[in-house]
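Q: First, the structure itself, so that you have it in front of you.
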Amino acid sequence: MKILIVEDQRKLGQFLKQALTERSYTATWVATCAEARHALCETSYDVIVLDLGLPDGDGLDLLREWRSSGFNEPVMILSARDAVQDRVKGLDVGADDYLPKPFSIEELLARMRSLLRRQSSVKETTLQHDGIKLDLLNRTVHLNGRAIDLTSREFALLEIFMQNPGRIMTRTLISEKIWESHYDVDTNLLDVYMSRLRGKLETALGKPLFKTVRGVGYQLL
């Protein structure tokens, strides 16, 4: 399991990273909003532990930005703001849990396990978007009721976008999920598969389905 820790206090950030690593989690620690954005562009995480008082912005604004862009991974706020109204606001903005500082590391880990269980139990077997129905169990795709024949690679590519509608997916992140090692992938190979997927879906749909974000990646509209 991959955990992203967004915490500007060096001592606490290093402590959390070490505690999670010792329990066999893969933990990444960053100290600013900018570093958190960059980390999420590079790869995906199973849980985000988010502080609110960051040196280059407010964690609530960062969380609001994530949710509005289609980011739906579990987020646990870890903050010294412990008033009831602070917790309510954090949850309303889109946090999945809120743990005030000071805290027990064992409680943090227990809450994180709960988030991971909850996330795994609500995973859908059918994804739908704009007339597209993707069946994860039967590995089939239908567009407005008509079957669409996709290769296994095209199916995996569409699945990534269907799980993140509206979210800009970087080329690195897509390649990391589709190929075992994105470093070995020719830079044009992703464009080839995207072109094929677009040809099969956008032609039948009669309108653009994907947006190319120049220099970054792609977005499911």
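Labels used: A, B, ... for chains in the order of the structure tokens, numbers from 1 for residues in each chain, and numbers from 1 for ligands as shown.
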List as a list of chain:residue names the protein and nucleic acid residues near Arg214 of chain A, meaning an atom at most 12 Å away when only C-alpha atoms are counted, but skip any in the same chain fewer than 6 places from it.
A: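 Using only C-alpha atoms, the neighbours found are A:Ile168, A:Met169, A:Thr170, A:Arg171, A:Asp191.
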Q: At a cut-off of 8 Å, using only C-alpha atoms, what residues contact Tyr45 of chain A? Leave out same-chain residues fewer than 3 positions from it and give the result as a PDB file with N, CA and C atoms, in the first residue's frame.
A:
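And here's result-v6.pdb as it stands now:
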```
ATOM      1  N   MET A   1       0.834  -1.188   0.000  1.00  0.00           N
ATOM      2  CA  MET A   1       0.000   0.000   0.000  1.00  0.00           C
ATOM      3  C   MET A   1       0.883   1.259   0.000  1.00  0.00           C
ATOM      4  N   LYS A   2       0.511   2.216  -0.824  1.00  0.00           N
ATOM      5  CA  LYS A   2       1.295   3.440  -0.957  1.00  0.00           C
ATOM      6  C   LYS A   2       0.591   4.590  -0.242  1.00  0.00           C
ATOM      7  N   ILE A   3       1.318   5.243   0.643  1.00  0.00           N
ATOM      8  CA  ILE A   3       0.781   6.332   1.455  1.00  0.00           C
ATOM      9  C   ILE A   3       1.554   7.609   1.161  1.00  0.00           C
ATOM     10  N   LEU A   4       0.837   8.706   0.946  1.00  0.00           N
ATOM     11  CA  LEU A   4       1.468  10.006   0.779  1.00  0.00           C
ATOM     12  C   LEU A   4       1.221  10.827   2.040  1.00  0.00           C
ATOM     13  N   LEU A  40       1.477  13.531  -6.777  1.00  0.00           N
ATOM     14  CA  LEU A  40       0.274  12.911  -7.314  1.00  0.00           C
ATOM     15  C   LEU A  40       0.280  12.865  -8.838  1.00  0.00           C
ATOM     16  N   ILE A  48      -3.987   9.383   1.463  1.00  0.00           N
ATOM     17  CA  ILE A  48      -3.239  10.622   1.657  1.00  0.00           C
ATOM     18  C   ILE A  48      -3.445  11.081   3.096  1.00  0.00           C
ATOM     19  N   GLU A  73      -9.219   9.400  -4.214  1.00  0.00           N
ATOM     20  CA  GLU A  73      -8.551   8.554  -3.246  1.00  0.00           C
ATOM     21  C   GLU A  73      -8.847   9.033  -1.820  1.00  0.00           C
TER      22      GLU A  73
END
```
Q: Give me, as a list in words, all polymer residues having an atom no more than 12 Å from Gln18 of chain A, counting only C-alpha atoms and skipping those fewer than 5 positions away in the same chain.
A: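 Those residues are Ile3, Ile5, Lys11, Leu12, Gly13, Arg23, Ser24, Tyr25, Thr26, Ala27, Thr28, Trp29 and Ile105 of chain A.
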Q: Just to confirm, what's the straight-line distance from atom CA of Arg111 of chain A to atom CA of Asp82 of chain A in Å (one decimal)?
A: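 Atom CA of Asp82 of chain A lies at a distance of 16.8 Å from atom CA of Arg111 of chain A.
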Q: List the spatial neighbours of Thr151 of chain A as a PyMOL selection string - criterion: any atom at most 12 Å away, only C-alpha atoms, same-chain residues fewer than 2 positions off excluded.
A: chain A and resi 139-141+148-149+153-158+193+196-197+200
Q: Just checking: using only C-alpha atoms, which residue out of A:Gln9, A:Gln219, A:Ser68, A:Ser195 ends up closest to Met162 of chain A?
A: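 Of all the options, A:Gln219 lies closest to Met162 of chain A.
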Q: I need the residues of segment 116-147 of chain A that end up classed as alpha helix (DSSP H) by DSSP on the backbone, written out as a list in words.
A: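 In segment 116-147 of chain A, DSSP puts these residues in alpha helix (DSSP H): Leu116, Arg117, Arg118, Gln119, Ser120 and Ser121 of chain A.
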